[in-house]
Amino acid sequence: MSGGLRILIIGFGPFPGAPFNPTTPLVKRLAQLRRPALDGITLTGHIFHVTYQTVDRELPELIAQLRPQALLMFGLATRTAHLRIETRARNAVSTRFPDAGGALARKASIVRGASAMPLGPHTASLLHAARATGIDARLSRDAGAYLCNYLSWRAIEATQQPGGPALASFIHVPLVARDRTAREGTSDITLEQLVDAGEAMLMEMVKLTRRAMLQDARASRY
């Protein structure tokens, strides 16, 4: 692929304990956005089946095929009532909770002996963008030890590879109601509010990615 800016927007499907994952409709809505500010920008949405094997197989394939300059990733945090913008990925994997395929991680770390890896200072800009829509959004240093954290780790690794994405961001969203009638156990935040905040963060990612690419281009001249 060639041409303008390319952004890959990622979410997850259902998993044990969460038969409805709001990141699925959220990613679909964001990938279909049509705005003048997005002219010339290719938005691709992708939903991962919630298994480690799927992430390990499909993320490299997507990056090789689409060559995105940015990854904007969303996951569900069922016990959090606000938006969580993750600032790092922990070198941790749960050996207690199976993925949607029934597989359990065999070890409690992703890479032996490695420390947590930061997603980058751009997370603060995403926080400001989200809060500007009126949503309750906060920075987080703990992405858990399940697929969301695992994907964040693999995405950061991808940004460190030659020709990989310039930026990666992961946002945890709360559980929202599928419709206006079923609200038990869900956040006060609605899907529409998630879409508004997601759009604001997407627009910010566009600016941040262009800036990062410009800086890389200038650095390569010297």
# chains A, B, ... in the order shown; residues from 1 in each chain; ligands from 1
>>> closest_atom_pairs(of="region 76-155 of chain A", to="region 43-52 of chain A", cutoff="7 Å", atoms="only C-alpha atoms", output="tab-separated table")
residue	atom	partner	partner_atom	distance
A:Asp99	CA	A:Thr51	CA	5.1
A:Ala100	CA	A:Val50	CA	5.3
A:Gly101	CA	A:Thr51	CA	6.0
A:Leu147	CA	A:Tyr52	CA	6.7
>>> write_last_selection(atoms="C-alpha atoms", output="compact mmCIF listing (two decimals), in the first residue's frame")
# COMPACT_ATOMS: atom_id res chain seq x y z
CA ASP A 99 -8.78 -16.73 26.71
CA ALA A 100 -11.90 -17.10 24.58
CA GLY A 101 -10.43 -20.25 23.07
CA LEU A 147 -5.37 -9.82 26.16
>>> select_by_dssp(residues="region 38-147 of chain A", states="helix (DSSP H, G or I)", output="PyMOL selection string")
chain A and resi 38+52-66+122-131+147
>>> write_last_selection(atoms="N, CA, C and O atoms", output="short mmCIF file (atom, residue, chain, number, x, y, z; two decimals), in the first residue's frame")
data_model
loop_
_atom_site.label_atom_id
_atom_site.label_comp_id
_atom_site.auth_asym_id
_atom_site.auth_seq_id
_atom_site.Cartn_x
_atom_site.Cartn_y
_atom_site.Cartn_z
N LEU A 38 -10.34 14.01 7.72
CA LEU A 38 -9.86 12.65 7.46
C LEU A 38 -9.66 12.37 5.97
O LEU A 38 -9.37 11.24 5.59
N TYR A 52 -4.73 -15.35 22.59
CA TYR A 52 -3.33 -14.97 22.40
C TYR A 52 -2.85 -15.39 21.01
O TYR A 52 -2.10 -14.65 20.35
N GLN A 53 -3.28 -16.55 20.59
CA GLN A 53 -2.87 -17.05 19.28
C GLN A 53 -3.33 -16.13 18.16
O GLN A 53 -2.59 -15.88 17.20
N THR A 54 -4.56 -15.61 18.29
CA THR A 54 -5.08 -14.71 17.27
C THR A 54 -4.24 -13.43 17.19
O THR A 54 -3.89 -12.97 16.10
N VAL A 55 -3.92 -12.84 18.33
CA VAL A 55 -3.10 -11.63 18.34
C VAL A 55 -1.74 -11.90 17.71
O VAL A 55 -1.26 -11.12 16.87
N ASP A 56 -1.11 -13.00 18.10
CA ASP A 56 0.22 -13.30 17.58
C ASP A 56 0.21 -13.56 16.08
O ASP A 56 1.18 -13.24 15.38
N ARG A 57 -0.88 -14.09 15.56
CA ARG A 57 -0.96 -14.38 14.14
C ARG A 57 -1.40 -13.16 13.33
O ARG A 57 -0.78 -12.81 12.31
N GLU A 58 -2.46 -12.50 13.79
CA GLU A 58 -3.09 -11.48 12.95
C GLU A 58 -2.44 -10.12 13.04
O GLU A 58 -2.44 -9.38 12.05
N LEU A 59 -1.88 -9.74 14.19
CA LEU A 59 -1.28 -8.41 14.27
C LEU A 59 -0.12 -8.26 13.29
O LEU A 59 -0.08 -7.27 12.54
N PRO A 60 0.84 -9.19 13.23
CA PRO A 60 1.91 -9.04 12.23
C PRO A 60 1.38 -9.06 10.80
O PRO A 60 1.89 -8.33 9.94
N GLU A 61 0.35 -9.88 10.55
CA GLU A 61 -0.22 -9.92 9.20
C GLU A 61 -0.84 -8.59 8.82
O GLU A 61 -0.66 -8.10 7.70
N LEU A 62 -1.58 -7.99 9.75
CA LEU A 62 -2.22 -6.70 9.48
C LEU A 62 -1.18 -5.60 9.23
O LEU A 62 -1.34 -4.79 8.32
N ILE A 63 -0.14 -5.59 10.03
CA ILE A 63 0.90 -4.57 9.88
C ILE A 63 1.63 -4.74 8.55
O ILE A 63 1.90 -3.76 7.84
N ALA A 64 1.93 -5.99 8.18
CA ALA A 64 2.61 -6.24 6.92
C ALA A 64 1.74 -5.87 5.72
O ALA A 64 2.23 -5.33 4.72
N GLN A 65 0.46 -6.16 5.81
CA GLN A 65 -0.45 -5.89 4.71
C GLN A 65 -0.83 -4.42 4.59
O GLN A 65 -0.83 -3.85 3.50
N LEU A 66 -1.19 -3.81 5.72
CA LEU A 66 -1.72 -2.45 5.70
C LEU A 66 -0.67 -1.37 5.88
O LEU A 66 -0.88 -0.22 5.52
N HIS A 122 2.55 10.67 24.13
CA HIS A 122 1.35 11.11 23.42
C HIS A 122 0.06 10.72 24.13
O HIS A 122 -1.01 11.24 23.81
N THR A 123 0.15 9.81 25.10
CA THR A 123 -1.05 9.41 25.84
C THR A 123 -1.69 10.60 26.56
O THR A 123 -2.91 10.66 26.71
N ALA A 124 -0.87 11.55 27.00
CA ALA A 124 -1.42 12.74 27.67
C ALA A 124 -2.27 13.57 26.71
O ALA A 124 -3.30 14.13 27.10
N SER A 125 -1.86 13.63 25.45
CA SER A 125 -2.64 14.37 24.45
C SER A 125 -3.97 13.69 24.19
O SER A 125 -5.00 14.36 24.00
N LEU A 126 -3.98 12.37 24.19
CA LEU A 126 -5.23 11.65 24.01
C LEU A 126 -6.17 11.88 25.18
O LEU A 126 -7.39 11.98 25.01
N LEU A 127 -5.60 11.96 26.38
CA LEU A 127 -6.41 12.24 27.57
C LEU A 127 -7.11 13.58 27.42
O LEU A 127 -8.33 13.69 27.67
N HIS A 128 -6.39 14.61 27.03
CA HIS A 128 -6.98 15.94 26.87
C HIS A 128 -8.08 15.92 25.79
O HIS A 128 -9.13 16.55 25.95
N ALA A 129 -7.82 15.20 24.71
CA ALA A 129 -8.80 15.13 23.62
C ALA A 129 -10.08 14.45 24.09
O ALA A 129 -11.19 14.92 23.79
N ALA A 130 -9.94 13.37 24.83
CA ALA A 130 -11.12 12.65 25.32
C ALA A 130 -11.90 13.50 26.31
O ALA A 130 -13.13 13.60 26.23
N ARG A 131 -11.19 14.11 27.25
CA ARG A 131 -11.87 14.93 28.26
C ARG A 131 -12.59 16.12 27.66
O ARG A 131 -13.60 16.59 28.22
N LEU A 147 -5.66 -10.08 27.57
CA LEU A 147 -5.37 -9.82 26.16
C LEU A 147 -5.11 -8.35 25.84
O LEU A 147 -4.35 -8.03 24.93
#
>>> closest_residue(among="A:Val173, A:Ala114, A:Leu208, A:Ala155", to="Leu194 (chain A)", atoms="only C-alpha atoms")
A:Val173
>>> select_by_dssp(residues="region 38-174 of chain A", states="strand (DSSP E)", output="PyMOL selection string")
chain A and resi 42-48+70-76+83-86+88-89+117-118+137-140+167-173
>>> write_last_selection(atoms="N, CA, C and O atoms", output="compact mmCIF listing (two decimals), in the first residue's frame")
# COMPACT_ATOMS: atom_id res chain seq x y z
N THR A 42 -6.57 6.64 5.39
CA THR A 42 -7.20 5.33 5.33
C THR A 42 -7.40 4.80 6.74
O THR A 42 -6.43 4.61 7.49
N LEU A 43 -8.65 4.57 7.09
CA LEU A 43 -9.00 4.01 8.39
C LEU A 43 -9.43 2.56 8.18
O LEU A 43 -10.34 2.29 7.39
N THR A 44 -8.79 1.66 8.88
CA THR A 44 -9.14 0.25 8.80
C THR A 44 -9.49 -0.27 10.18
O THR A 44 -8.70 -0.10 11.12
N GLY A 45 -10.66 -0.85 10.33
CA GLY A 45 -11.07 -1.43 11.60
C GLY A 45 -10.83 -2.94 11.61
O GLY A 45 -10.98 -3.61 10.57
N HIS A 46 -10.46 -3.46 12.76
CA HIS A 46 -10.25 -4.90 12.88
C HIS A 46 -10.64 -5.34 14.28
O HIS A 46 -10.29 -4.69 15.27
N ILE A 47 -11.35 -6.45 14.37
CA ILE A 47 -11.77 -7.01 15.65
C ILE A 47 -11.04 -8.34 15.87
O ILE A 47 -11.13 -9.25 15.04
N PHE A 48 -10.31 -8.41 16.97
CA PHE A 48 -9.60 -9.64 17.31
C PHE A 48 -10.52 -10.59 18.07
O PHE A 48 -11.24 -10.17 19.00
N ALA A 70 -0.09 4.22 12.51
CA ALA A 70 -0.56 4.33 13.89
C ALA A 70 -1.53 3.21 14.19
O ALA A 70 -2.29 2.76 13.33
N LEU A 71 -1.49 2.76 15.45
CA LEU A 71 -2.43 1.77 15.95
C LEU A 71 -3.24 2.41 17.07
O LEU A 71 -2.68 2.89 18.06
N LEU A 72 -4.55 2.43 16.90
CA LEU A 72 -5.45 2.95 17.93
C LEU A 72 -6.28 1.77 18.41
O LEU A 72 -7.14 1.26 17.68
N MET A 73 -6.01 1.31 19.64
CA MET A 73 -6.57 0.05 20.12
C MET A 73 -7.52 0.28 21.30
O MET A 73 -7.27 1.13 22.15
N PHE A 74 -8.58 -0.51 21.32
CA PHE A 74 -9.58 -0.41 22.38
C PHE A 74 -9.85 -1.79 22.99
O PHE A 74 -9.85 -2.79 22.28
N GLY A 75 -10.07 -1.80 24.30
CA GLY A 75 -10.43 -3.02 24.99
C GLY A 75 -11.43 -2.72 26.08
O GLY A 75 -11.63 -1.57 26.48
N LEU A 76 -12.09 -3.76 26.57
CA LEU A 76 -13.13 -3.61 27.59
C LEU A 76 -12.56 -3.86 28.98
O LEU A 76 -11.90 -4.87 29.22
N LEU A 83 -13.25 5.94 31.25
CA LEU A 83 -12.33 5.65 30.16
C LEU A 83 -10.91 5.63 30.72
O LEU A 83 -10.51 6.52 31.45
N ARG A 84 -10.15 4.60 30.38
CA ARG A 84 -8.77 4.47 30.85
C ARG A 84 -7.82 4.50 29.67
O ARG A 84 -7.85 3.62 28.82
N ILE A 85 -6.98 5.51 29.63
CA ILE A 85 -5.97 5.61 28.59
C ILE A 85 -4.68 5.03 29.15
O ILE A 85 -4.07 5.60 30.06
N GLU A 86 -4.28 3.90 28.63
CA GLU A 86 -3.13 3.20 29.17
C GLU A 86 -1.83 3.90 28.78
O GLU A 86 -1.67 4.36 27.66
N ARG A 88 1.27 2.36 29.61
CA ARG A 88 2.33 1.36 29.46
C ARG A 88 1.74 -0.03 29.36
O ARG A 88 0.56 -0.25 29.67
N ALA A 89 2.55 -0.96 28.92
CA ALA A 89 2.19 -2.37 28.92
C ALA A 89 3.07 -3.08 29.93
O ALA A 89 4.29 -2.87 29.97
N MET A 117 6.87 -1.55 29.40
CA MET A 117 7.23 -0.68 28.29
C MET A 117 6.20 0.44 28.15
O MET A 117 4.99 0.18 28.16
N PRO A 118 6.67 1.68 28.00
CA PRO A 118 5.74 2.81 27.87
C PRO A 118 5.13 2.88 26.47
O PRO A 118 5.78 2.54 25.48
N ALA A 137 -12.39 10.55 31.72
CA ALA A 137 -11.23 9.83 31.20
C ALA A 137 -10.04 10.06 32.12
O ALA A 137 -9.84 11.16 32.63
N ARG A 138 -9.25 9.00 32.32
CA ARG A 138 -8.09 9.08 33.21
C ARG A 138 -6.95 8.25 32.64
O ARG A 138 -7.18 7.28 31.92
N LEU A 139 -5.73 8.63 32.99
CA LEU A 139 -4.56 7.84 32.62
C LEU A 139 -4.48 6.62 33.52
O LEU A 139 -4.89 6.65 34.68
N SER A 140 -3.93 5.55 32.99
CA SER A 140 -3.78 4.31 33.75
C SER A 140 -2.39 3.73 33.53
O SER A 140 -1.86 3.76 32.42
N LEU A 167 3.25 5.22 16.09
CA LEU A 167 2.61 5.36 17.40
C LEU A 167 1.62 4.23 17.64
O LEU A 167 1.02 3.70 16.70
N ALA A 168 1.46 3.90 18.91
CA ALA A 168 0.44 2.93 19.32
C ALA A 168 -0.21 3.44 20.60
O ALA A 168 0.48 3.96 21.48
N SER A 169 -1.52 3.31 20.68
CA SER A 169 -2.25 3.74 21.87
C SER A 169 -3.30 2.70 22.21
O SER A 169 -3.90 2.09 21.32
N PHE A 170 -3.51 2.50 23.52
CA PHE A 170 -4.53 1.55 23.97
C PHE A 170 -5.45 2.24 24.96
O PHE A 170 -4.99 2.84 25.94
N ILE A 171 -6.75 2.10 24.73
CA ILE A 171 -7.76 2.72 25.58
C ILE A 171 -8.72 1.65 26.08
O ILE A 171 -9.30 0.89 25.29
N HIS A 172 -8.86 1.58 27.38
CA HIS A 172 -9.86 0.70 27.99
C HIS A 172 -11.18 1.46 28.11
O HIS A 172 -11.20 2.57 28.61
N VAL A 173 -12.26 0.83 27.68
CA VAL A 173 -13.58 1.45 27.79
C VAL A 173 -14.40 0.67 28.81
O VAL A 173 -14.19 -0.52 29.03
>>> atom_distance(atom1="CA of Met213 (chain A)", atom2="CA of Arg34 (chain A)")
23.0 Å
>>> atom_distance(atom1="CA of Leu5 (chain A)", atom2="CA of Gln69 (chain A)")
6.7 Å
>>> closest_residue(among="A:Arg106, A:Ala77, A:Ala166, A:Tyr150", to="Leu214 (chain A)", atoms="only C-alpha atoms")
A:Ala166
>>> atom_distance(atom1="CA of Gly198 (chain A)", atom2="CA of Asp216 (chain A)")
26.2 Å
>>> closest_residue(among="A:Gln161, A:Leu26, A:Trp153, A:Gly102", to="Ala197 (chain A)", atoms="only C-alpha atoms")
A:Leu26
>>> residues_around(residues="region 92-97 of chain A", least_positions_apart="2", cutoff="9 Å", atoms="only C-alpha atoms", output="ChimeraX atom specification")
/A:16,89-90,99,102-111,116,144-147,149-150
>>> write_last_selection(atoms="N, CA, C and O atoms", output="tab-separated table (two decimals), in the first residue's frame")
chain	number	residue	atom	x	y	z
A	16	PRO	N	-14.94	-14.69	27.86
A	16	PRO	CA	-15.62	-15.25	29.03
A	16	PRO	C	-15.96	-14.18	30.06
A	16	PRO	O	-15.09	-13.43	30.50
A	89	ALA	N	2.55	-0.96	28.92
A	89	ALA	CA	2.19	-2.37	28.92
A	89	ALA	C	3.07	-3.08	29.93
A	89	ALA	O	4.29	-2.87	29.97
A	90	ARG	N	2.47	-3.89	30.77
A	90	ARG	CA	3.20	-4.63	31.79
A	90	ARG	C	3.69	-5.96	31.22
A	90	ARG	O	3.04	-6.55	30.36
A	99	ASP	N	-8.27	-17.62	27.75
A	99	ASP	CA	-8.78	-16.73	26.71
A	99	ASP	C	-10.07	-17.32	26.14
A	99	ASP	O	-10.57	-18.35	26.61
A	102	GLY	N	-10.20	-20.91	25.38
A	102	GLY	CA	-9.98	-21.85	26.46
A	102	GLY	C	-8.53	-22.06	26.82
A	102	GLY	O	-8.21	-22.86	27.71
A	103	ALA	N	-7.62	-21.34	26.15
A	103	ALA	CA	-6.19	-21.52	26.40
A	103	ALA	C	-5.73	-20.70	27.60
A	103	ALA	O	-6.15	-19.55	27.78
A	104	LEU	N	-4.87	-21.29	28.40
A	104	LEU	CA	-4.24	-20.61	29.53
A	104	LEU	C	-2.78	-20.33	29.20
A	104	LEU	O	-2.10	-21.16	28.60
A	105	ALA	N	-2.32	-19.13	29.58
A	105	ALA	CA	-0.91	-18.82	29.42
A	105	ALA	C	-0.09	-19.75	30.31
A	105	ALA	O	-0.47	-20.04	31.45
A	106	ARG	N	1.05	-20.18	29.82
A	106	ARG	CA	1.87	-21.13	30.58
A	106	ARG	C	2.84	-20.44	31.52
A	106	ARG	O	3.35	-21.06	32.45
A	107	LYS	N	3.10	-19.15	31.27
A	107	LYS	CA	4.01	-18.42	32.14
A	107	LYS	C	3.43	-17.04	32.40
A	107	LYS	O	2.61	-16.53	31.64
A	108	ALA	N	3.87	-16.42	33.49
A	108	ALA	CA	3.26	-15.17	33.95
A	108	ALA	C	3.90	-13.92	33.36
A	108	ALA	O	3.53	-12.82	33.73
A	109	SER	N	4.85	-14.09	32.46
A	109	SER	CA	5.46	-12.93	31.81
A	109	SER	C	5.42	-13.13	30.30
A	109	SER	O	5.32	-14.25	29.80
A	110	ILE	N	5.50	-12.01	29.57
A	110	ILE	CA	5.48	-12.07	28.11
A	110	ILE	C	6.89	-12.32	27.59
A	110	ILE	O	7.10	-13.16	26.71
A	111	VAL	N	7.84	-11.58	28.13
A	111	VAL	CA	9.25	-11.72	27.75
A	111	VAL	C	10.07	-11.88	29.02
A	111	VAL	O	9.95	-11.07	29.95
A	116	ALA	N	8.34	-3.22	32.25
A	116	ALA	CA	7.19	-2.62	31.57
A	116	ALA	C	7.67	-1.68	30.47
A	116	ALA	O	8.74	-1.08	30.56
A	144	GLY	N	-3.65	-4.40	33.08
A	144	GLY	CA	-4.07	-5.74	33.46
A	144	GLY	C	-3.06	-6.79	33.06
A	144	GLY	O	-1.88	-6.51	32.84
A	145	ALA	N	-3.53	-8.03	32.94
A	145	ALA	CA	-2.64	-9.14	32.57
A	145	ALA	C	-3.38	-10.09	31.63
A	145	ALA	O	-3.15	-11.30	31.63
A	146	TYR	N	-4.27	-9.51	30.83
A	146	TYR	CA	-5.06	-10.33	29.91
A	146	TYR	C	-4.75	-9.88	28.49
A	146	TYR	O	-3.69	-9.33	28.21
A	147	LEU	N	-5.66	-10.08	27.57
A	147	LEU	CA	-5.37	-9.82	26.16
A	147	LEU	C	-5.11	-8.35	25.84
A	147	LEU	O	-4.35	-8.03	24.93
A	149	ASN	N	-3.57	-6.04	27.71
A	149	ASN	CA	-2.18	-5.77	28.02
A	149	ASN	C	-1.25	-6.48	27.05
A	149	ASN	O	-0.24	-5.93	26.60
A	150	TYR	N	-1.60	-7.72	26.71
A	150	TYR	CA	-0.77	-8.50	25.79
A	150	TYR	C	-0.69	-7.83	24.41
A	150	TYR	O	0.39	-7.71	23.83
>>> residues_around(residues="Pro25 (chain A)", least_positions_apart="2", cutoff="10 Å", atoms="only C-alpha atoms", output="list of chain:residue names")
A:Gly11, A:Phe12, A:Gly13, A:Phe20, A:Asn21, A:Pro22, A:Thr23, A:Val27, A:Lys28, A:Arg29, A:Leu30, A:Ala31, A:Ile47, A:Arg178, A:Leu191, A:Val195
>>> write_last_selection(atoms="C-alpha atoms", output="compact mmCIF listing (two decimals), in the first residue's frame")
# COMPACT_ATOMS: atom_id res chain seq x y z
CA GLY A 11 -11.06 -3.80 19.13
CA PHE A 12 -12.02 -7.16 20.59
CA GLY A 13 -14.95 -9.54 20.41
CA PHE A 20 -21.07 -8.09 24.71
CA ASN A 21 -17.92 -6.12 24.00
CA PRO A 22 -18.66 -2.46 23.19
CA THR A 23 -15.32 -2.08 21.41
CA VAL A 27 -14.37 0.32 16.18
CA LYS A 28 -16.92 -0.15 13.41
CA ARG A 29 -18.27 3.37 13.91
CA LEU A 30 -14.82 4.95 14.00
CA ALA A 31 -13.60 3.11 10.90
CA ILE A 47 -11.77 -7.01 15.65
CA ARG A 178 -26.39 -2.51 24.28
CA LEU A 191 -21.96 4.08 23.43
CA VAL A 195 -17.88 7.17 19.92
>>> closest_residue(among="A:Ile135, A:Met205, A:Leu151, A:Leu119", to="Glu192 (chain A)", atoms="only C-alpha atoms")
A:Ile135
>>> closest_residue(among="A:Ala81, A:Ile7, A:Leu33, A:Ala158", to="Thr190 (chain A)", atoms="only C-alpha atoms")
A:Ala81
>>> closest_residue(among="A:Ile189, A:Ile41, A:Ile156, A:Cys148", to="Ile10 (chain A)", atoms="only C-alpha atoms")
A:Cys148
